[in-house]
$ cat my_file_1.tsv   # TSV, C-alpha atoms
chain	number	residue	atom	x	y	z
W	1	MET	CA	0.00	0.00	0.00
W	2	ALA	CA	2.91	2.33	0.76
W	3	ALA	CA	4.32	1.73	-2.71
W	4	ALA	CA	0.94	2.47	-4.26
W	5	ALA	CA	0.65	5.69	-2.29
W	6	ASN	CA	4.12	6.80	-3.37
W	7	SER	CA	3.32	6.10	-6.99
W	8	GLU	CA	0.29	8.37	-6.81
W	9	LEU	CA	2.10	11.40	-5.36
W	10	PRO	CA	3.86	12.48	-8.58
W	11	VAL	CA	0.47	12.58	-10.28
W	12	LEU	CA	-0.72	15.37	-7.98
W	13	PRO	CA	-0.18	18.78	-9.55
W	14	ASP	CA	2.08	21.31	-7.88
W	15	SER	CA	-0.89	23.52	-6.98
W	16	VAL	CA	-2.43	20.76	-4.84
W	17	LEU	CA	0.83	19.87	-3.09
W	18	LEU	CA	1.46	23.55	-2.36
W	19	GLN	CA	-1.88	23.76	-0.56
W	20	VAL	CA	-1.08	20.62	1.44
W	21	LEU	CA	2.37	21.89	2.42
W	22	ALA	CA	0.96	25.25	3.48
W	23	LEU	CA	-1.30	23.45	5.99
W	24	LEU	CA	1.56	21.54	7.62
W	25	PRO	CA	3.14	22.69	10.89
W	26	LEU	CA	6.51	24.34	10.44
W	27	ARG	CA	8.53	21.33	11.60
W	28	GLU	CA	6.73	18.98	9.18
W	29	ARG	CA	7.04	21.49	6.38
W	30	LEU	CA	10.82	21.56	6.76
W	31	ARG	CA	10.94	17.76	6.92
W	32	ALA	CA	8.94	17.54	3.72
W	33	ALA	CA	11.67	19.49	1.96
W	34	ARG	CA	14.01	16.50	2.50
W	35	VAL	CA	11.82	13.98	0.67
W	36	CYS	CA	12.97	14.74	-2.86
W	37	ARG	CA	14.05	17.62	-5.08
W	38	ARG	CA	10.51	18.33	-6.21
W	39	TRP	CA	9.23	18.53	-2.63
W	40	GLN	CA	12.19	20.68	-1.66
W	41	ARG	CA	11.33	23.12	-4.42
W	42	LEU	CA	7.67	23.18	-3.42
W	43	ALA	CA	8.38	23.43	0.32
W	44	MET	CA	10.48	26.54	-0.32
W	45	ASP	CA	7.87	28.15	-2.57
W	46	ARG	CA	6.83	31.58	-1.32
W	47	THR	CA	3.14	30.68	-1.36
W	48	VAL	CA	3.81	28.08	1.35
W	49	TRP	CA	5.29	30.78	3.60
W	50	ARG	CA	2.41	33.26	3.57
W	51	HIS	CA	1.16	32.25	7.02
W	52	VAL	CA	3.75	31.03	9.52
W	53	ASP	CA	2.82	29.82	13.01
W	54	LEU	CA	5.83	29.43	15.30
W	55	SER	CA	3.77	29.56	18.51
W	56	PRO	CA	3.77	25.77	19.16
W	57	HIS	CA	7.58	25.91	19.42
W	58	ARG	CA	9.89	27.49	22.00
W	59	ILE	CA	12.30	28.94	19.48
W	60	SER	CA	15.44	30.94	20.19
W	61	SER	CA	16.38	34.35	18.87
W	62	GLN	CA	19.01	32.67	16.67
W	63	THR	CA	16.38	30.40	15.09
W	64	LEU	CA	14.11	33.33	14.38
W	65	TRP	CA	17.00	35.28	12.86
W	66	HIS	CA	17.74	32.29	10.59
W	67	LEU	CA	14.12	32.13	9.47
W	68	VAL	CA	14.02	35.86	8.76
W	69	ARG	CA	17.18	35.67	6.68
W	70	GLN	CA	16.59	32.37	4.89
W	71	ARG	CA	12.86	31.57	4.77
W	72	LEU	CA	10.59	34.52	5.47
W	73	ARG	CA	10.21	36.66	2.37
W	74	ASP	CA	7.98	39.29	0.85
W	75	SER	CA	5.15	36.74	0.57
W	76	LEU	CA	4.72	36.56	4.38
W	77	ARG	CA	1.31	37.81	5.51
W	78	THR	CA	0.88	36.37	9.04
W	79	LEU	CA	3.44	35.51	11.71
W	80	ARG	CA	2.76	33.98	15.14
W	81	VAL	CA	5.58	33.76	17.70
W	82	ARG	CA	5.68	32.62	21.34
W	83	GLY	CA	8.27	33.92	23.77
W	84	ALA	CA	9.41	32.73	27.18
W	85	LEU	CA	8.11	35.47	29.48
W	86	HIS	CA	6.57	33.11	32.05
W	87	SER	CA	9.06	30.27	31.76
W	88	GLY	CA	11.65	31.74	34.12
W	89	SER	CA	14.14	32.09	31.29
W	90	LYS	CA	15.85	35.46	30.78
W	91	ARG	CA	16.44	34.95	27.08
W	92	ARG	CA	14.79	37.45	24.74
W	93	ILE	CA	13.32	36.33	21.44
W	94	LEU	CA	12.67	39.70	19.84
W	95	SER	CA	14.98	42.68	19.58
W	96	PRO	CA	14.71	46.06	17.83
W	97	ALA	CA	17.18	44.86	15.15
W	98	LEU	CA	15.24	41.65	14.51
W	99	LEU	CA	11.93	43.47	14.16
W	100	ALA	CA	13.54	46.01	11.83
W	101	ALA	CA	14.90	43.17	9.68
W	102	LEU	CA	11.51	41.50	9.66
W	103	GLY	CA	9.86	44.69	8.45
W	104	LYS	CA	12.46	45.11	5.71
W	105	ARG	CA	12.43	41.49	4.52
W	106	CYS	CA	8.65	41.08	4.74
W	107	PRO	CA	6.99	44.30	3.53
W	108	GLN	CA	3.65	42.50	3.07
W	109	LEU	CA	3.41	41.33	6.69
W	110	HIS	CA	-0.08	42.34	7.82
W	111	ARG	CA	-0.77	40.32	10.99
W	112	LEU	CA	1.63	39.80	13.88
W	113	CYS	CA	0.58	37.65	16.85
W	114	LEU	CA	2.86	37.65	19.89
W	115	THR	CA	2.42	35.50	23.00
W	116	GLU	CA	4.39	35.65	26.26
W	117	MET	CA	6.77	38.29	24.91
W	118	ASP	CA	8.67	40.90	26.92
W	119	LEU	CA	8.36	43.94	24.67
W	120	ARG	CA	9.54	46.51	27.22
W	121	PRO	CA	13.00	46.97	25.59
W	122	ILE	CA	11.48	47.43	22.12
W	123	PRO	CA	10.39	50.88	20.88
W	124	TYR	CA	7.07	50.89	19.04
W	125	GLU	CA	8.86	52.51	16.10
W	126	ASN	CA	10.56	49.16	15.41
W	127	VAL	CA	7.26	47.35	14.86
W	128	PRO	CA	6.88	46.64	11.10
W	129	PRO	CA	4.92	49.56	9.60
W	130	SER	CA	3.09	47.23	7.20
W	131	LEU	CA	1.01	45.74	10.04
W	132	THR	CA	-2.75	46.16	9.97
W	133	ALA	CA	-3.48	43.61	12.71
W	134	LEU	CA	-1.68	43.10	16.02
W	135	GLU	CA	-2.45	40.48	18.66
W	136	LEU	CA	-0.75	40.51	22.06
W	137	SER	CA	-1.38	37.74	24.57
W	138	HIS	CA	0.23	37.55	28.03
W	139	CYS	CA	2.86	40.12	27.04
W	140	GLU	CA	4.62	42.97	28.82
W	141	ILE	CA	4.70	46.36	27.07
W	142	PRO	CA	6.32	49.69	27.98
W	143	ALA	CA	4.31	52.75	28.97
W	144	ALA	CA	5.23	54.60	25.78
W	145	TRP	CA	3.99	52.01	23.31
W	146	PHE	CA	1.57	52.67	20.40
W	147	CYS	CA	3.21	56.03	19.73
W	148	GLY	CA	6.41	57.31	18.13
W	149	SER	CA	8.12	60.18	16.36
W	150	ALA	CA	6.64	61.72	13.24
W	151	ALA	CA	9.85	60.88	11.37
W	152	ARG	CA	9.21	57.14	11.51
W	153	ALA	CA	6.37	55.28	9.80
W	154	LEU	CA	4.10	53.58	12.33
W	155	PRO	CA	1.65	50.72	11.76
W	156	GLN	CA	-1.80	51.85	10.69
W	157	LEU	CA	-3.65	49.21	12.65
W	158	GLN	CA	-7.18	48.19	11.78
W	159	HIS	CA	-7.42	45.26	14.18
W	160	LEU	CA	-6.05	45.20	17.74
W	161	ILE	CA	-6.51	42.25	20.10
W	162	ILE	CA	-5.15	42.45	23.65
W	163	ARG	CA	-5.40	39.45	25.97
W	164	ASN	CA	-4.10	39.54	29.52
W	165	VAL	CA	-1.57	42.32	29.02
W	166	PRO	CA	-1.63	43.87	32.51
W	167	ALA	CA	0.26	47.04	31.54
W	168	PHE	CA	-2.23	48.03	28.81
W	169	SER	CA	-3.83	51.23	30.09
W	170	ASP	CA	-5.98	54.21	29.21
W	171	ARG	CA	-2.88	55.87	27.77
W	172	HIS	CA	-2.20	52.99	25.41
W	173	LEU	CA	-5.82	52.96	24.27
W	174	LEU	CA	-5.74	56.67	23.48
W	175	ASN	CA	-2.41	56.37	21.66
W	176	VAL	CA	-3.52	53.58	19.36
W	177	SER	CA	-7.02	54.92	18.73
W	178	SER	CA	-5.80	58.40	17.84
W	179	GLN	CA	-3.19	57.13	15.36
W	180	SER	CA	-5.14	54.33	13.65
W	181	SER	CA	-8.60	53.78	12.20
W	182	LEU	CA	-9.49	50.67	14.14
W	183	LYS	CA	-12.23	48.37	12.90
W	184	THR	CA	-11.69	45.66	15.53
W	185	LEU	CA	-10.82	46.22	19.19
W	186	SER	CA	-10.75	43.35	21.67
W	187	LEU	CA	-9.65	43.99	25.25
W	188	CYS	CA	-9.59	41.00	27.60
W	189	GLY	CA	-8.22	41.22	31.13
W	190	THR	CA	-7.07	44.84	30.75
W	191	TYR	CA	-8.04	46.04	34.22
W	192	ARG	CA	-6.17	49.36	33.75
W	193	VAL	CA	-8.67	50.46	31.09
W	194	THR	CA	-11.34	52.56	32.81
W	195	ASP	CA	-14.42	54.62	32.00
W	196	THR	CA	-12.16	57.66	31.56
W	197	GLY	CA	-10.03	55.82	29.01
W	198	ILE	CA	-13.08	54.76	26.99
W	199	GLN	CA	-14.40	58.34	27.15
W	200	ARG	CA	-11.18	59.82	25.74
W	201	ALA	CA	-10.70	57.18	23.06
W	202	ALA	CA	-14.33	56.91	21.90
W	203	PRO	CA	-14.27	59.94	19.53
W	204	HIS	CA	-11.37	58.26	17.70
W	205	LEU	CA	-13.18	54.92	17.41
W	206	GLU	CA	-16.07	55.93	15.19
W	207	GLU	CA	-14.98	53.47	12.46
W	208	LEU	CA	-15.08	50.53	14.87
W	209	GLU	CA	-17.17	47.54	13.73
W	210	ARG	CA	-16.28	44.94	16.35
W	211	LEU	CA	-15.74	45.62	20.06
W	212	VAL	CA	-15.02	43.10	22.83
W	213	LEU	CA	-14.64	44.23	26.45
W	214	ARG	CA	-14.01	41.31	28.76
W	215	HIS	CA	-12.79	41.55	32.36
W	216	CYS	CA	-12.50	45.34	32.05
W	217	VAL	CA	-13.30	47.83	34.81
W	218	ILE	CA	-16.01	49.85	33.06
W	219	GLY	CA	-19.56	50.91	33.84
W	220	ASP	CA	-22.45	53.04	32.65
W	221	SER	CA	-20.27	56.01	31.71
W	222	ALA	CA	-18.11	54.03	29.30
W	223	VAL	CA	-21.15	52.34	27.74
W	224	GLY	CA	-22.69	55.76	27.24
W	225	PHE	CA	-19.71	56.89	25.15
W	226	ILE	CA	-19.79	53.64	23.19
W	227	GLY	CA	-23.40	54.35	22.25
W	228	ARG	CA	-22.63	57.98	21.42
W	229	HIS	CA	-19.59	57.51	19.20
W	230	MET	CA	-19.33	53.91	17.93
W	231	LYS	CA	-22.43	53.81	15.74
W	232	ARG	CA	-20.82	51.55	13.12
W	233	LEU	CA	-20.57	48.62	15.52
W	234	ARG	CA	-21.89	45.32	14.19
W	235	PHE	CA	-20.56	43.08	16.97
W	236	LEU	CA	-20.44	44.00	20.66
W	237	GLU	CA	-19.47	41.87	23.65
W	238	ILE	CA	-19.45	43.22	27.19
W	239	SER	CA	-18.77	40.61	29.82
W	240	ASP	CA	-17.67	40.39	33.45
W	241	THR	CA	-18.69	44.02	34.02
W	242	TYR	CA	-20.53	44.08	37.31
W	243	THR	CA	-21.23	47.82	37.57
W	244	LEU	CA	-23.37	48.09	34.42
W	245	THR	CA	-27.02	48.99	35.11
W	246	ASN	CA	-30.26	49.35	33.16
W	247	ALA	CA	-29.49	53.03	32.52
W	248	GLY	CA	-26.14	52.23	30.91
W	249	LEU	CA	-27.60	49.39	28.87
W	250	ALA	CA	-30.21	51.73	27.38
W	251	CYS	CA	-27.42	53.86	25.88
W	252	LEU	CA	-26.68	51.07	23.41
W	253	ALA	CA	-30.00	51.63	21.63
W	254	SER	CA	-28.26	54.09	19.32
W	255	LEU	CA	-26.21	51.27	17.75
W	256	GLN	CA	-28.60	50.79	14.85
W	257	ARG	CA	-26.18	48.63	12.82
W	258	LEU	CA	-25.56	46.12	15.61
W	259	GLU	CA	-26.05	42.50	14.48
W	260	THR	CA	-24.61	40.50	17.39
W	261	LEU	CA	-24.81	41.39	21.09
W	262	CYS	CA	-23.14	39.34	23.85
W	263	LEU	CA	-23.86	40.44	27.41
W	264	ASP	CA	-22.63	38.95	30.64
W	265	ILE	CA	-25.13	40.65	32.92
W	266	CYS	CA	-25.48	40.90	36.69
W	267	ASP	CA	-28.46	41.32	38.98
W	268	LYS	CA	-28.46	45.10	38.35
W	269	ILE	CA	-29.84	44.53	34.85
W	270	SER	CA	-33.41	43.36	34.36
W	271	SER	CA	-34.73	41.14	31.61
W	272	GLY	CA	-37.10	43.96	30.66
W	273	ALA	CA	-34.17	46.28	30.00
W	274	VAL	CA	-32.54	43.63	27.80
W	275	ILE	CA	-35.76	43.15	25.82
W	276	ALA	CA	-36.28	46.90	25.41
W	277	LEU	CA	-32.73	47.33	24.11
W	278	CYS	CA	-32.96	44.46	21.64
W	279	GLN	CA	-36.29	45.68	20.29
W	280	ALA	CA	-34.66	49.05	19.60
W	281	LEU	CA	-31.94	47.44	17.45
W	282	PRO	CA	-33.43	46.73	13.99
W	283	GLN	CA	-30.40	44.80	12.64
W	284	LEU	CA	-29.91	42.55	15.68
W	285	ARG	CA	-29.83	38.88	14.71
W	286	ASN	CA	-27.87	37.23	17.53
W	287	LEU	CA	-28.26	37.71	21.27
W	288	LYS	CA	-26.13	35.84	23.81
W	289	LEU	CA	-26.64	36.31	27.54
W	290	GLY	CA	-24.62	35.04	30.47
W	291	GLY	CA	-23.68	35.86	34.02
W	292	ALA	CA	-27.08	35.27	35.60
W	293	HIS	CA	-29.52	32.42	36.12
W	294	PHE	CA	-32.61	32.80	33.99
W	295	GLU	CA	-35.89	31.17	34.84
W	296	ASP	CA	-37.64	29.35	32.02
W	297	GLU	CA	-40.39	31.97	32.01
W	298	VAL	CA	-37.86	34.75	31.46
W	299	ILE	CA	-36.16	32.84	28.63
W	300	ASP	CA	-39.52	32.23	26.96
W	301	LYS	CA	-40.38	35.91	27.31
W	302	ILE	CA	-37.12	37.03	25.70
W	303	GLN	CA	-37.50	34.59	22.82
W	304	ALA	CA	-41.13	35.57	22.22
W	305	SER	CA	-40.29	39.27	22.14
W	306	LEU	CA	-37.45	38.80	19.63
W	307	PRO	CA	-38.86	36.59	16.85
W	308	HIS	CA	-36.20	37.58	14.29
W	309	CYS	CA	-33.26	37.18	16.66
W	310	SER	CA	-31.35	34.02	17.57
W	311	PHE	CA	-31.10	33.76	21.36
W	312	SER	CA	-28.67	31.62	23.37
W	313	LEU	CA	-27.17	31.47	26.85
W	314	MET	CA	-23.44	31.70	27.40
W	315	PRO	CA	-21.88	29.28	29.90

$ encode --input "my_file_1.tsv" --output "structure tokens"
Amino acid sequence: MAAAANSELPVLPDSVLLQVLALLPLRERLRAARVCRRWQRLAMDRTVWRHVDLSPHRISSQTLWHLVRQRLRDSLRTLRVRGALHSGSKRRILSPALLAALGKRCPQLHRLCLTEMDLRPIPYENVPPSLTALELSHCEIPAAWFCGSAARALPQLQHLIIRNVPAFSDRHLLNVSSQSSLKTLSLCGTYRVTDTGIQRAAPHLEELERLVLRHCVIGDSAVGFIGRHMKRLRFLEISDTYTLTNAGLACLASLQRLETLCLDICDKISSGAVIALCQALPQLRNLKLGGAHFEDEVIDKIQASLPHCSFSLMP
């Protein structure tokens, strides 16, 4: 059977094998290059290196330098890298020089996803200016990030996802919102972002289409500014916010383009306020509620009042 399988492989066109190789993890992709000359040629093709995920591996700075110099080219669109911030190791994966080289070698790099990285020694000016999407998970960042001198090109971000970055603050939010036209903003576990930060950033977030606020210290005031300025929102999630009340919830009625609403509500919000809000949103098609125990009668009432909206409970 093995011989039969091997005899069939040459029949597959290059286009099919390129798609298969692009789906392989990095380690398997490099191993495939050793099979034969044809596979080596295909494994090194630039289309295979458009999306590179290094996050499953604990790589060194030397390995990443080698990849930047030998493998990552102008076809690269997405790069995911995991550091060693919480491993007890003092080694640094990224440096200003490495990021500068990455930006020069890969001018089409649009999405950069960093996990467990210590970015405090790295000026924001060294981040590749071609980026339109940046994801930071469990990272450390300096106070002056998301800003830089006018003489250097900075990323014009459209999508920013922050997960458990404890240093991310109101100042960072204002910096990034005032310099970029964000369409996606996801803040999870950013307890330094407050109502005041949302208030100052909201006028710069009028192009926002997707907003996620999870484990953030915000209340009615912040929600009021969301309703006043972010009228292009189509997706909104507000969860683990225990100071939100019926009055704040009502401010979201101005989001006439909203299609999906996810709320993790507390006992300060009534089912009647939820129904009134949803009935005021003509484009709403998905409603997800969590954070409270709903009696069957309440669930039936919500479903009956929203016949054109899919309703579900979040765990």

$ closest_residue --input "my_file_1.tsv" --among "W:Thr260, W:Ser149, W:Ser221, W:Thr184" --to "W:Thr245" --atoms "only C-alpha atoms"
W:Ser221

$ atom_distance --input "my_file_1.tsv" --atom1 "atom CA of W:Arg234" --atom2 "atom CA of W:Leu277"
14.8 Å

$ residues_around --input "my_file_1.tsv" --residues "stretch 25-35 of chain W" --least-positions-apart "6" --cutoff "8 Å" --atoms "all atoms listed in the file" --output "MDAnalysis selection string"
chainID W and resid 41:44 52:54

$ closest_residue --input "my_file_1.tsv" --among "W:Leu208, W:Met230, W:Val298, W:Cys262" --to "W:Met314" --atoms "all atoms listed in the file"
W:Cys262

$ closest_residue --input "my_file_1.tsv" --among "W:Ile299, W:Ile161, W:Leu252, W:Leu112" --to "W:Val212" --atoms "all atoms listed in the file"
W:Ile161
